file entry38.txt (compact mmCIF, C-alpha atoms)
# COMPACT_ATOMS: atom_id res chain seq x y z
CA MET K 1403 -26.13 9.82 -21.32
CA SER K 1404 -29.15 8.06 -22.79
CA ALA K 1405 -27.67 4.57 -23.08
CA PRO K 1406 -28.11 3.60 -19.40
CA LEU K 1407 -31.74 4.57 -19.69
CA LEU K 1408 -32.27 2.08 -22.47
CA THR K 1409 -30.69 -0.78 -20.57
CA GLU K 1410 -32.19 -0.05 -17.18
CA GLN K 1411 -35.81 -0.70 -18.16
CA ALA K 1412 -36.52 -4.41 -17.70
CA GLY K 1413 -39.94 -4.45 -19.37
CA PRO K 1414 -40.74 -4.31 -23.06
CA PRO K 1415 -39.50 -1.32 -25.08
CA THR K 1416 -43.04 0.03 -25.47
CA THR K 1417 -43.14 0.89 -21.77
CA LEU K 1418 -40.16 3.25 -22.04
CA PRO K 1419 -42.02 6.35 -23.31
CA ALA K 1420 -44.49 6.11 -20.42
CA ARG K 1421 -41.65 5.97 -17.91
CA ARG K 1422 -39.97 8.90 -19.58
CA ARG K 1423 -43.14 10.95 -19.30
CA ALA K 1424 -43.57 9.95 -15.65
CA GLY K 1425 -39.96 10.91 -14.94
CA LEU K 1426 -40.40 14.29 -16.58
CA LEU K 1427 -43.54 14.88 -14.52
CA VAL K 1428 -41.56 14.15 -11.33
CA LEU K 1429 -38.85 16.61 -12.41
CA ALA K 1430 -41.45 19.28 -13.24
CA THR K 1431 -43.22 18.76 -9.90
CA THR K 1432 -39.98 19.13 -7.96
CA THR K 1433 -39.20 22.26 -9.97
CA PHE K 1434 -42.60 23.64 -8.97
CA VAL K 1435 -41.85 22.92 -5.29
CA VAL K 1436 -38.36 24.43 -5.43
CA VAL K 1437 -39.44 27.69 -7.07
CA THR K 1438 -42.56 28.03 -4.90
CA THR K 1439 -40.53 27.50 -1.72
CA GLU K 1440 -37.84 29.92 -2.88
CA LEU K 1441 -40.37 32.73 -3.25
CA LEU K 1442 -42.68 31.96 -0.30
CA PRO K 1443 -41.14 34.70 1.90
CA VAL K 1444 -42.18 37.28 -0.70
CA GLY K 1445 -45.88 36.55 -0.23
CA LEU K 1446 -45.58 35.79 3.50
CA LEU K 1447 -43.28 38.66 4.43
CA THR K 1448 -45.70 40.38 6.82
CA PRO K 1449 -46.82 37.32 8.85
CA ILE K 1450 -43.21 36.06 9.14
CA SER K 1451 -42.09 39.50 10.26
CA ASP K 1452 -44.88 39.80 12.84
CA ASP K 1453 -44.43 36.27 14.19
CA LEU K 1454 -40.64 36.39 14.57
CA GLY K 1455 -40.53 40.03 15.65
CA VAL K 1456 -38.10 41.22 12.97
CA ALA K 1457 -38.29 44.02 10.44
CA ARG K 1458 -39.85 43.26 7.06
CA SER K 1459 -36.63 44.31 5.37
CA ARG K 1460 -34.78 41.49 7.16
CA VAL K 1461 -37.35 38.96 5.93
CA GLY K 1462 -37.06 40.36 2.42
CA LEU K 1463 -33.29 40.03 2.68
CA LEU K 1464 -33.77 36.25 2.88
CA VAL K 1465 -34.66 36.20 -0.84
CA THR K 1466 -31.50 38.09 -1.82
CA VAL K 1467 -29.27 35.99 0.45
CA TYR K 1468 -30.93 32.83 -0.93
CA ALA K 1469 -30.07 33.90 -4.49
CA PHE K 1470 -26.45 34.64 -3.60
CA THR K 1471 -26.18 31.31 -1.73
CA VAL K 1472 -27.28 29.52 -4.89
CA GLY K 1473 -24.94 31.58 -7.03
CA LEU K 1474 -21.88 30.96 -4.88
CA THR K 1475 -22.41 27.26 -4.07
CA ALA K 1476 -23.89 25.77 -7.26
CA ALA K 1477 -20.63 25.31 -9.16
CA PRO K 1478 -18.38 24.00 -6.34
CA LEU K 1479 -21.03 21.64 -4.92
CA THR K 1480 -21.86 20.28 -8.37
CA HIS K 1481 -18.15 19.71 -8.99
CA TRP K 1482 -17.75 17.98 -5.61
CA THR K 1483 -20.59 15.56 -6.41
CA ALA K 1484 -19.58 15.01 -10.04
CA GLY K 1485 -18.90 11.31 -9.54
CA TRP K 1486 -22.34 10.53 -8.14
CA SER K 1487 -25.01 8.89 -10.25
CA ARG K 1488 -27.68 11.35 -11.29
CA LYS K 1489 -30.44 9.63 -9.32
CA ARG K 1490 -28.42 9.43 -6.11
CA LEU K 1491 -27.53 13.11 -6.39
CA TYR K 1492 -31.08 14.09 -7.27
CA MET K 1493 -32.51 12.19 -4.31
CA THR K 1494 -29.92 13.65 -1.92
CA VAL K 1495 -30.48 17.21 -3.11
CA SER K 1496 -34.27 16.85 -2.89
CA ALA K 1497 -33.98 15.42 0.64
CA VAL K 1498 -31.74 18.30 1.78
CA PHE K 1499 -34.14 20.81 0.25
CA SER K 1500 -37.07 19.20 2.08
CA LEU K 1501 -35.07 19.26 5.34
CA GLY K 1502 -34.39 22.96 4.89
CA THR K 1503 -38.08 23.62 4.22
CA VAL K 1504 -39.15 21.70 7.35
CA LEU K 1505 -36.54 23.56 9.41
CA SER K 1506 -37.88 26.85 8.05
CA ALA K 1507 -41.41 25.89 9.03
CA ALA K 1508 -40.31 24.97 12.56
CA ALA K 1509 -38.11 28.06 13.08
CA GLU K 1510 -38.82 29.92 16.29
CA SER K 1511 -36.26 32.61 15.55
CA TYR K 1512 -34.87 34.50 12.58
CA PRO K 1513 -31.42 32.79 12.70
CA ILE K 1514 -33.02 29.31 12.52
CA LEU K 1515 -35.16 30.45 9.58
CA ALA K 1516 -32.02 31.79 7.90
CA ILE K 1517 -30.26 28.43 8.41
CA GLY K 1518 -33.23 26.60 6.87
CA ARG K 1519 -33.16 28.93 3.88
CA PHE K 1520 -29.39 28.48 3.57
CA LEU K 1521 -29.84 24.69 3.33
CA CYS K 1522 -32.52 25.15 0.68
CA GLY K 1523 -30.26 27.53 -1.24
CA MET K 1524 -27.35 25.07 -1.33
CA ALA K 1525 -29.64 22.26 -2.53
CA HIS K 1526 -31.32 24.59 -5.01
CA GLY K 1527 -28.07 25.32 -6.86
CA VAL K 1528 -27.17 21.66 -7.37
CA PHE K 1529 -30.76 20.82 -8.31
CA TRP K 1530 -30.81 23.34 -11.14
CA SER K 1531 -27.34 22.25 -12.23
CA ILE K 1532 -28.48 18.68 -12.90
CA VAL K 1533 -32.21 18.85 -13.66
CA ALA K 1534 -31.91 20.00 -17.29
CA GLY K 1535 -29.28 17.35 -18.03
CA TYR K 1536 -31.45 14.72 -16.36
CA ALA K 1537 -34.42 15.79 -18.49
CA ALA K 1538 -32.29 15.74 -21.65
CA ALA K 1539 -31.20 12.18 -20.80
CA LEU K 1540 -34.87 11.17 -20.75
CA ALA K 1541 -35.51 12.78 -24.13
CA LYS K 1542 -35.58 11.28 -27.56
CA PRO K 1543 -32.77 12.46 -29.87
CA GLY K 1544 -33.32 16.02 -31.06
CA ARG K 1545 -36.01 16.80 -28.48
CA SER K 1546 -33.96 17.99 -25.51
CA GLY K 1547 -35.39 21.50 -25.84
CA ARG K 1548 -38.93 20.22 -25.49
CA THR K 1549 -38.17 18.09 -22.46
CA THR K 1550 -36.35 21.02 -20.88
CA ALA K 1551 -39.48 23.09 -21.50
CA VAL K 1552 -41.59 20.48 -19.67
CA VAL K 1553 -39.36 20.81 -16.62
CA PHE K 1554 -39.37 24.61 -16.82
CA ALA K 1555 -43.17 24.52 -16.99
CA GLY K 1556 -42.92 23.72 -13.28
CA ASN K 1557 -41.20 27.07 -12.87
CA SER K 1558 -43.95 28.93 -14.73
CA THR K 1559 -46.66 27.10 -12.78
CA ALA K 1560 -44.97 28.09 -9.52
CA LEU K 1561 -44.96 31.75 -10.53
CA VAL K 1562 -48.59 31.70 -11.68
CA LEU K 1563 -50.14 29.37 -9.08
CA GLY K 1564 -47.60 28.28 -6.47
CA VAL K 1565 -46.68 31.64 -4.97
CA PRO K 1566 -50.26 33.04 -4.88
CA MET K 1567 -51.57 29.75 -3.46
CA GLY K 1568 -48.82 29.75 -0.84
CA THR K 1569 -49.76 33.29 0.13
CA VAL K 1570 -53.45 32.39 0.44
CA LEU K 1571 -52.61 29.23 2.37
CA GLY K 1572 -50.42 31.26 4.69
CA GLY K 1573 -53.36 33.52 5.43
CA VAL K 1574 -55.54 30.51 6.31
CA VAL K 1575 -53.18 28.22 8.25
CA GLY K 1576 -50.27 30.56 8.95
CA TRP K 1577 -46.91 30.95 7.26
CA ARG K 1578 -45.59 27.79 8.91
CA GLY K 1579 -48.47 25.82 7.43
CA ALA K 1580 -47.57 27.10 3.96
CA PHE K 1581 -43.98 25.91 4.39
CA CYS K 1582 -45.23 22.56 5.72
CA ALA K 1583 -47.44 22.14 2.66
CA ALA K 1584 -44.47 22.83 0.36
CA ALA K 1585 -42.37 20.31 2.32
CA ALA K 1586 -45.13 17.68 2.08
CA LEU K 1587 -45.40 18.10 -1.69
CA GLY K 1588 -41.62 17.94 -2.00
CA LEU K 1589 -41.45 14.73 0.02
CA GLY K 1590 -44.21 13.25 -2.13
CA ALA K 1591 -42.22 14.08 -5.26
CA LEU K 1592 -39.14 12.55 -3.61
CA ALA K 1593 -40.99 9.28 -3.03
CA ALA K 1594 -42.22 9.30 -6.64
CA ALA K 1595 -38.69 9.96 -7.88
CA GLN K 1596 -37.38 6.92 -6.03
CA ARG K 1597 -39.87 4.76 -7.89
CA LEU K 1598 -40.07 6.38 -11.31
CA LEU K 1599 -36.75 8.03 -12.17
CA PRO K 1600 -34.20 5.80 -13.92
CA ASP K 1601 -30.67 5.85 -12.57
CA ILE K 1602 -28.27 7.47 -15.01
CA PRO K 1603 -24.54 7.25 -14.26
CA ASN K 1604 -22.72 10.52 -14.71
CA ARG K 1605 -20.64 10.38 -17.86
CA PRO K 1606 -17.01 11.38 -17.13
CA ALA K 1607 -15.98 14.54 -18.94
CA PRO K 1608 -13.05 14.45 -21.38
CA PRO K 1609 -9.77 15.74 -19.88
CA GLN K 1610 -9.96 19.07 -21.71
CA SER K 1611 -13.35 19.87 -20.15
CA ALA K 1612 -12.89 18.20 -16.77
CA GLY K 1613 -13.47 20.29 -13.68
CA LEU K 1614 -15.13 23.66 -13.31
CA GLY K 1615 -12.33 25.57 -15.00
CA GLY K 1616 -12.19 23.11 -17.87
CA ALA K 1617 -15.93 23.43 -18.50
CA LEU K 1618 -15.66 27.19 -18.57
CA ARG K 1619 -12.97 26.91 -21.24
CA LEU K 1620 -15.32 25.09 -23.61
CA PRO K 1621 -15.82 27.20 -26.76
CA GLY K 1622 -18.55 29.79 -26.30
CA LEU K 1623 -19.59 28.75 -22.79
CA ARG K 1624 -17.97 31.65 -20.95
CA ARG K 1625 -19.72 34.15 -23.21
CA MET K 1626 -23.06 32.40 -22.73
CA VAL K 1627 -22.63 32.41 -18.94
CA THR K 1628 -21.78 36.12 -19.07
CA ALA K 1629 -24.83 36.79 -21.23
CA THR K 1630 -26.98 34.91 -18.71
CA ALA K 1631 -25.75 37.00 -15.77
CA LEU K 1632 -26.35 40.25 -17.68
CA LEU K 1633 -29.83 39.29 -18.86
CA ILE K 1634 -31.03 38.22 -15.43
CA LEU K 1635 -29.44 41.30 -13.85
CA GLY K 1636 -31.42 43.47 -16.24
CA HIS K 1637 -34.66 41.57 -15.74
CA PHE K 1638 -34.62 41.62 -11.95
CA THR K 1639 -33.55 45.25 -11.81
CA VAL K 1640 -37.09 46.09 -12.91
CA TYR K 1641 -39.04 42.95 -11.92
CA THR K 1642 -38.15 43.30 -8.24
CA TYR K 1643 -39.99 46.63 -8.27
CA VAL K 1644 -42.67 45.77 -10.82
CA THR K 1645 -45.53 46.39 -8.36
CA PRO K 1646 -44.62 50.04 -7.62
CA LEU K 1647 -43.80 50.47 -11.32
CA LEU K 1648 -47.30 49.44 -12.39
CA HIS K 1649 -49.13 50.97 -9.46
CA ASP K 1650 -47.30 54.27 -8.99
CA ALA K 1651 -45.86 55.08 -12.42
CA ALA K 1652 -48.53 53.48 -14.66
CA ALA K 1653 -51.40 54.36 -12.28
CA PHE K 1654 -52.94 50.89 -12.27
CA SER K 1655 -55.09 50.08 -9.25
CA GLU K 1656 -54.01 47.36 -6.84
CA ALA K 1657 -56.55 44.96 -8.34
CA ALA K 1658 -55.42 45.79 -11.89
CA THR K 1659 -51.77 45.36 -10.89
CA SER K 1660 -52.53 41.89 -9.53
CA MET K 1661 -54.30 41.02 -12.79
CA LEU K 1662 -51.33 42.25 -14.79
CA LEU K 1663 -48.97 40.08 -12.77
CA ALA K 1664 -51.28 37.14 -13.43
CA LEU K 1665 -51.20 38.02 -17.14
CA TYR K 1666 -47.40 38.08 -16.97
CA GLY K 1667 -47.42 34.60 -15.47
CA LEU K 1668 -49.94 33.20 -17.93
CA ALA K 1669 -47.95 34.61 -20.83
CA GLY K 1670 -45.03 32.70 -19.37
CA PHE K 1671 -46.70 29.39 -20.22
CA LEU K 1672 -46.74 30.43 -23.87
CA GLY K 1673 -43.11 31.55 -23.69
CA THR K 1674 -41.99 28.27 -22.11
CA TRP K 1675 -43.80 26.22 -24.76
CA LEU K 1676 -42.49 28.32 -27.66
CA GLY K 1677 -38.94 28.24 -26.31
CA GLY K 1678 -39.02 24.46 -25.98
CA VAL K 1679 -40.50 23.82 -29.41
CA LEU K 1680 -38.29 26.24 -31.32
CA ALA K 1681 -35.00 25.74 -29.44
CA ASP K 1682 -34.50 22.32 -31.00
CA ARG K 1683 -34.86 23.71 -34.53
CA ARG K 1684 -32.75 26.87 -34.73
CA PRO K 1685 -31.28 27.31 -31.25
CA HIS K 1686 -29.09 30.34 -31.87
CA THR K 1687 -31.68 32.25 -33.87
CA VAL K 1688 -34.35 31.55 -31.27
CA LEU K 1689 -32.05 32.65 -28.44
CA LEU K 1690 -31.28 35.95 -30.16
CA GLY K 1691 -34.96 36.45 -30.98
CA THR K 1692 -35.90 35.86 -27.34
CA ILE K 1693 -33.36 38.42 -26.11
CA ALA K 1694 -34.56 40.89 -28.74
CA LEU K 1695 -38.17 40.34 -27.65
CA MET K 1696 -37.19 40.97 -24.03
CA ALA K 1697 -35.39 44.18 -25.00
CA GLY K 1698 -38.36 45.27 -27.10
CA SER K 1699 -40.80 44.66 -24.26
CA LEU K 1700 -38.66 46.76 -21.90
CA VAL K 1701 -38.53 49.57 -24.44
CA LEU K 1702 -42.31 49.40 -24.89
CA LEU K 1703 -42.84 49.31 -21.12
CA GLY K 1704 -40.58 52.30 -20.55
CA ALA K 1705 -42.08 54.31 -23.41
CA SER K 1706 -45.72 53.53 -22.62
CA ILE K 1707 -45.64 53.54 -18.85
CA ARG K 1708 -48.46 56.13 -18.76
CA LEU K 1709 -50.38 54.61 -21.70
CA GLN K 1710 -52.13 51.73 -20.00
CA PRO K 1711 -53.23 49.67 -23.08
CA LEU K 1712 -49.64 49.64 -24.39
CA ALA K 1713 -48.33 48.90 -20.89
CA VAL K 1714 -50.58 45.82 -20.76
CA ALA K 1715 -49.15 44.63 -24.09
CA ALA K 1716 -45.61 45.28 -22.84
CA VAL K 1717 -46.18 43.19 -19.70
CA ALA K 1718 -47.57 40.30 -21.77
CA LEU K 1719 -44.62 40.40 -24.20
CA TRP K 1720 -42.24 40.61 -21.27
CA GLY K 1721 -43.83 37.53 -19.73
CA VAL K 1722 -43.46 35.56 -22.98
CA ALA K 1723 -39.84 36.65 -23.46
CA PHE K 1724 -38.59 36.01 -19.96
CA ALA K 1725 -40.27 32.59 -19.67
CA ALA K 1726 -38.67 31.53 -22.96
CA LEU K 1727 -35.29 32.86 -21.89
CA PRO K 1728 -34.32 30.15 -19.33
CA VAL K 1729 -35.35 27.40 -21.78
CA THR K 1730 -33.31 28.84 -24.65
CA LEU K 1731 -30.35 29.75 -22.43
CA GLN K 1732 -30.28 26.32 -20.75
CA SER K 1733 -30.56 24.55 -24.12
CA SER K 1734 -27.68 26.66 -25.43
CA VAL K 1735 -25.57 25.87 -22.36
CA LEU K 1736 -26.21 22.14 -22.82
CA ARG K 1737 -25.14 22.39 -26.46
CA LEU K 1738 -21.99 24.36 -25.69
CA GLY K 1739 -21.19 22.20 -22.67
CA ALA K 1740 -22.17 18.84 -24.17
CA THR K 1741 -19.00 17.16 -22.90
CA ALA K 1742 -19.54 18.38 -19.32
CA PRO K 1743 -23.26 19.17 -19.00
CA ASP K 1744 -23.50 19.31 -15.20
CA ALA K 1745 -20.45 21.52 -14.75
CA ALA K 1746 -21.64 23.79 -17.56
CA SER K 1747 -25.11 23.97 -16.03
CA SER K 1748 -23.65 24.79 -12.62
CA TRP K 1749 -21.94 27.86 -14.08
CA TYR K 1750 -25.23 28.82 -15.73
CA VAL K 1751 -27.12 28.42 -12.43
CA SER K 1752 -24.51 30.49 -10.59
CA ALA K 1753 -24.72 33.26 -13.18
CA PHE K 1754 -28.52 33.17 -13.15
CA ASN K 1755 -28.80 33.53 -9.38
CA LEU K 1756 -26.05 36.11 -9.05
CA GLY K 1757 -28.05 38.04 -11.64
CA ILE K 1758 -31.17 37.73 -9.45
CA GLY K 1759 -29.39 39.01 -6.35
CA GLY K 1760 -27.54 41.68 -8.27
CA GLY K 1761 -30.71 42.84 -10.00
CA ALA K 1762 -32.57 43.17 -6.70
CA LEU K 1763 -29.70 45.20 -5.27
CA ALA K 1764 -29.39 47.33 -8.40
CA GLY K 1765 -33.12 48.10 -8.33
CA GLY K 1766 -32.76 49.23 -4.73
CA LEU K 1767 -29.74 51.40 -5.51
CA LEU K 1768 -31.69 53.01 -8.35
CA SER K 1769 -34.57 53.86 -6.01
CA THR K 1770 -33.45 57.50 -6.04
CA PHE K 1771 -34.55 57.68 -9.69
CA PRO K 1772 -38.22 57.85 -10.71
CA VAL K 1773 -39.54 54.26 -10.79
CA GLY K 1774 -40.61 54.74 -14.41
CA MET K 1775 -36.92 54.85 -15.38
CA LEU K 1776 -36.30 51.24 -14.32
CA PRO K 1777 -37.17 49.61 -17.70
CA TRP K 1778 -34.61 51.87 -19.38
CA MET K 1779 -32.01 51.07 -16.71
CA ALA K 1780 -32.69 47.36 -17.23
CA LEU K 1781 -31.77 47.69 -20.90
CA ILE K 1782 -28.19 48.68 -20.06
CA PRO K 1783 -26.99 45.09 -19.34
CA VAL K 1784 -29.37 43.49 -21.88
CA VAL K 1785 -27.66 45.10 -24.89
CA PRO K 1786 -24.16 43.66 -24.24
CA ALA K 1787 -25.82 40.34 -23.35
CA PHE K 1788 -27.22 40.23 -26.90
CA VAL K 1789 -23.72 40.84 -28.26
CA PHE K 1790 -22.19 38.05 -26.15
CA ALA K 1791 -24.92 35.64 -27.27
CA TRP K 1792 -24.45 36.66 -30.90
CA THR K 1793 -20.76 35.71 -30.82
CA THR K 1794 -21.54 32.09 -29.86
CA ARG K 1795 -23.09 31.35 -33.26
CA ALA K 1796 -20.09 29.43 -34.60
CA GLU K 1797 -19.89 27.17 -31.53
CA MET K 1798 -23.60 26.25 -31.56
call {"tool": "encode", "arguments": {"input": "entry38.txt", "output": "structure tokens"}}
result
Amino acid sequence: MSAPLLTEQAGPPTTLPARRRAGLLVLATTTFVVVTTELLPVGLLTPISDDLGVARSRVGLLVTVYAFTVGLTAAPLTHWTAGWSRKRLYMTVSAVFSLGTVLSAAAESYPILAIGRFLCGMAHGVFWSIVAGYAAALAKPGRSGRTTAVVFAGNSTALVLGVPMGTVLGGVVGWRGAFCAAAALGLGALAAAQRLLPDIPNRPAPPQSAGLGGALRLPGLRRMVTATALLILGHFTVYTYVTPLLHDAAAFSEAATSMLLALYGLAGFLGTWLGGVLADRRPHTVLLGTIALMAGSLVLLGASIRLQPLAVAAVALWGVAFAALPVTLQSSVLRLGATAPDAASSWYVSAFNLGIGGGALAGGLLSTFPVGMLPWMALIPVVPAFVFAWTTRAEM
């Protein structure tokens, strides 16, 4: 997929690295916007609820429905647009996402807000299906993991800065103003993409890997997709309820809980960087190490929930592990699905988001248990995920 990039640039070869870096920055910025917008209702739940006159639980449901929308539409929509050039598809998806964000900001009723979120969810799935492949096409040979990490840094930045800033902005200019700001940044990134991103034709997949079913039959891919769903299910089973876990079970104050969540996000920058640097060297070993680190952090969190210094260490390790996980998983999917990267990524995106929605539901169903049990419950799907990932060694 890199050949069109080399021929598209009309200037001297020395200008190519600068354009690559600019393109990666555009991809990372759009990633920041997408993740921030996805999670805005979490921080703005109360003002949205009060303004539209609906229960907070219905506003919170928008996050779960969003995740399931992504999970159910990513693969078929990516397959439907398989013949489009990457830039045309990227621009269309970004425009639809911006439209959904603007519609959300203008919503005068809950159904209109839900429609806006539905549009964003459909665009979100296709975006994540193509963004890693687009980044890899901009990379030098052997450095796809690092370029993927640059794009995923937008995700970490959104979790650390985007969501808190959106919440603060919502308190100053209202929840609609926060959505408008996200839309404005997204439209700015869209304009930059039109100018800076090279157009990369989609490479047709070989007959044996053509179509969604064909991609899923690629050696090792089905097991990696299954591992992804299980890992994200486990993570969000506990992460969805991390605030009551830290506040009620670990007895951290509200201020200390906020600081711990910030620590989790900051640790994510380290995890993203480590995942990107190491994934290009020993991808399978790094993937297994990342899953093991996540399992270890959950064990430490569950065992030390009333020992605050150890709980702090567990949260930091958890932040490193989970931030590295999407980078290592996505890099593994691109390796296993090299002949059909977009279709393979669409299955990965579907599994990831079904895991998010399923984890949130599982955490709610487990609410009858003491909240301190959630880290142990989260380990149940993580263990078989490690086994599924282990069996892909020969294919990678």
call {"tool": "closest_residue", "arguments": {"input": "entry38.txt", "among": "K:Arg1423, K:Arg1684, K:Arg1578, K:Arg1737", "to": "K:Ala1537", "atoms": "only C-alpha atoms"}}
result
K:Arg1423
call {"tool": "residues_near_point", "arguments": {"input": "entry38.txt", "point": "(-36.5, 41.7, 5.6)", "cutoff": "10 Å", "atoms": "all atoms listed in the file", "output": "ChimeraX atom specification"}}
result
/K:1443-1444,1447-1448,1450-1451,1456-1466
call {"tool": "closest_residue", "arguments": {"input": "entry38.txt", "among": "K:Gly1590, K:Gly1527, K:Gly1518, K:Pro1621", "to": "K:Val1735", "atoms": "all atoms listed in the file"}}
result
K:Pro1621
call {"tool": "closest_atom_pairs", "arguments": {"input": "entry38.txt", "of": "stretch 1722-1748 of chain K", "to": "stretch 1644-1666 of chain K", "cutoff": "12 Å", "atoms": "only C-alpha atoms", "output": "JSON lines"}}
result
{"residue": "K:Val1722", "atom": "CA", "partner": "K:Tyr1666", "partner_atom": "CA", "distance": 7.6}
{"residue": "K:Ala1723", "atom": "CA", "partner": "K:Tyr1666", "partner_atom": "CA", "distance": 10.1}
{"residue": "K:Phe1724", "atom": "CA", "partner": "K:Tyr1666", "partner_atom": "CA", "distance": 9.5}
{"residue": "K:Ala1725", "atom": "CA", "partner": "K:Tyr1666", "partner_atom": "CA", "distance": 9.4}
call {"tool": "write_last_selection", "arguments": {"input": "entry38.txt", "atoms": "C-alpha atoms", "output": "CSV table (one decimal), keeping the file's coordinate frame"}}
result
chain,number,residue,atom,x,y,z
K,1722,VAL,CA,-43.5,35.6,-23.0
K,1723,ALA,CA,-39.8,36.6,-23.5
K,1724,PHE,CA,-38.6,36.0,-20.0
K,1725,ALA,CA,-40.3,32.6,-19.7
call {"tool": "atom_distance", "arguments": {"input": "entry38.txt", "atom1": "atom CA of K:Ala1631", "atom2": "atom CA of K:Gly1473"}}
result
10.3 Å
call {"tool": "closest_residue", "arguments": {"input": "entry38.txt", "among": "K:Phe1754, K:Trp1749, K:Phe1788, K:Phe1638", "to": "K:Leu1695", "atoms": "only C-alpha atoms"}}
result
K:Phe1788
call {"tool": "build_atoms", "arguments": {"input": "entry38.txt", "residues": "stretch 1500-1505 of chain K", "atoms": "all heavy atoms", "output": "PDB file, in the frame of the given file"}}
result
ATOM      1  N   SER K1500     -35.913  19.441   1.223  1.00  0.00           N
ATOM      2  CA  SER K1500     -37.070  19.200   2.080  1.00  0.00           C
ATOM      3  C   SER K1500     -36.726  19.440   3.551  1.00  0.00           C
ATOM      4  O   SER K1500     -37.526  20.011   4.306  1.00  0.00           O
ATOM      5  CB  SER K1500     -37.588  17.775   1.886  1.00  0.00           C
ATOM      6  OG  SER K1500     -38.063  17.576   0.570  1.00  0.00           O
ATOM      7  N   LEU K1501     -35.512  19.024   3.957  1.00  0.00           N
ATOM      8  CA  LEU K1501     -35.070  19.260   5.340  1.00  0.00           C
ATOM      9  C   LEU K1501     -35.009  20.752   5.635  1.00  0.00           C
ATOM     10  O   LEU K1501     -35.461  21.209   6.696  1.00  0.00           O
ATOM     11  CB  LEU K1501     -33.699  18.619   5.548  1.00  0.00           C
ATOM     12  CG  LEU K1501     -33.027  18.886   6.907  1.00  0.00           C
ATOM     13  CD1 LEU K1501     -33.868  18.299   8.041  1.00  0.00           C
ATOM     14  CD2 LEU K1501     -31.614  18.299   6.927  1.00  0.00           C
ATOM     15  N   GLY K1502     -34.458  21.517   4.704  1.00  0.00           N
ATOM     16  CA  GLY K1502     -34.390  22.960   4.890  1.00  0.00           C
ATOM     17  C   GLY K1502     -35.762  23.590   4.971  1.00  0.00           C
ATOM     18  O   GLY K1502     -35.992  24.535   5.750  1.00  0.00           O
ATOM     19  N   THR K1503     -36.715  23.087   4.195  1.00  0.00           N
ATOM     20  CA  THR K1503     -38.080  23.620   4.220  1.00  0.00           C
ATOM     21  C   THR K1503     -38.757  23.309   5.552  1.00  0.00           C
ATOM     22  O   THR K1503     -39.427  24.167   6.137  1.00  0.00           O
ATOM     23  CB  THR K1503     -38.899  23.028   3.061  1.00  0.00           C
ATOM     24  OG1 THR K1503     -38.215  23.240   1.827  1.00  0.00           O
ATOM     25  CG2 THR K1503     -40.264  23.688   2.977  1.00  0.00           C
ATOM     26  N   VAL K1504     -38.580  22.080   6.043  1.00  0.00           N
ATOM     27  CA  VAL K1504     -39.150  21.700   7.350  1.00  0.00           C
ATOM     28  C   VAL K1504     -38.534  22.541   8.461  1.00  0.00           C
ATOM     29  O   VAL K1504     -39.236  23.023   9.366  1.00  0.00           O
ATOM     30  CB  VAL K1504     -38.929  20.198   7.612  1.00  0.00           C
ATOM     31  CG1 VAL K1504     -39.312  19.845   9.043  1.00  0.00           C
ATOM     32  CG2 VAL K1504     -39.740  19.358   6.624  1.00  0.00           C
ATOM     33  N   LEU K1505     -37.212  22.740   8.402  1.00  0.00           N
ATOM     34  CA  LEU K1505     -36.540  23.560   9.410  1.00  0.00           C
ATOM     35  C   LEU K1505     -37.062  24.998   9.375  1.00  0.00           C
ATOM     36  O   LEU K1505     -37.257  25.625  10.427  1.00  0.00           O
ATOM     37  CB  LEU K1505     -35.035  23.539   9.178  1.00  0.00           C
ATOM     38  CG  LEU K1505     -34.163  24.277  10.209  1.00  0.00           C
ATOM     39  CD1 LEU K1505     -34.357  23.661  11.599  1.00  0.00           C
ATOM     40  CD2 LEU K1505     -32.694  24.228   9.799  1.00  0.00           C
TER      41      LEU K1505
END
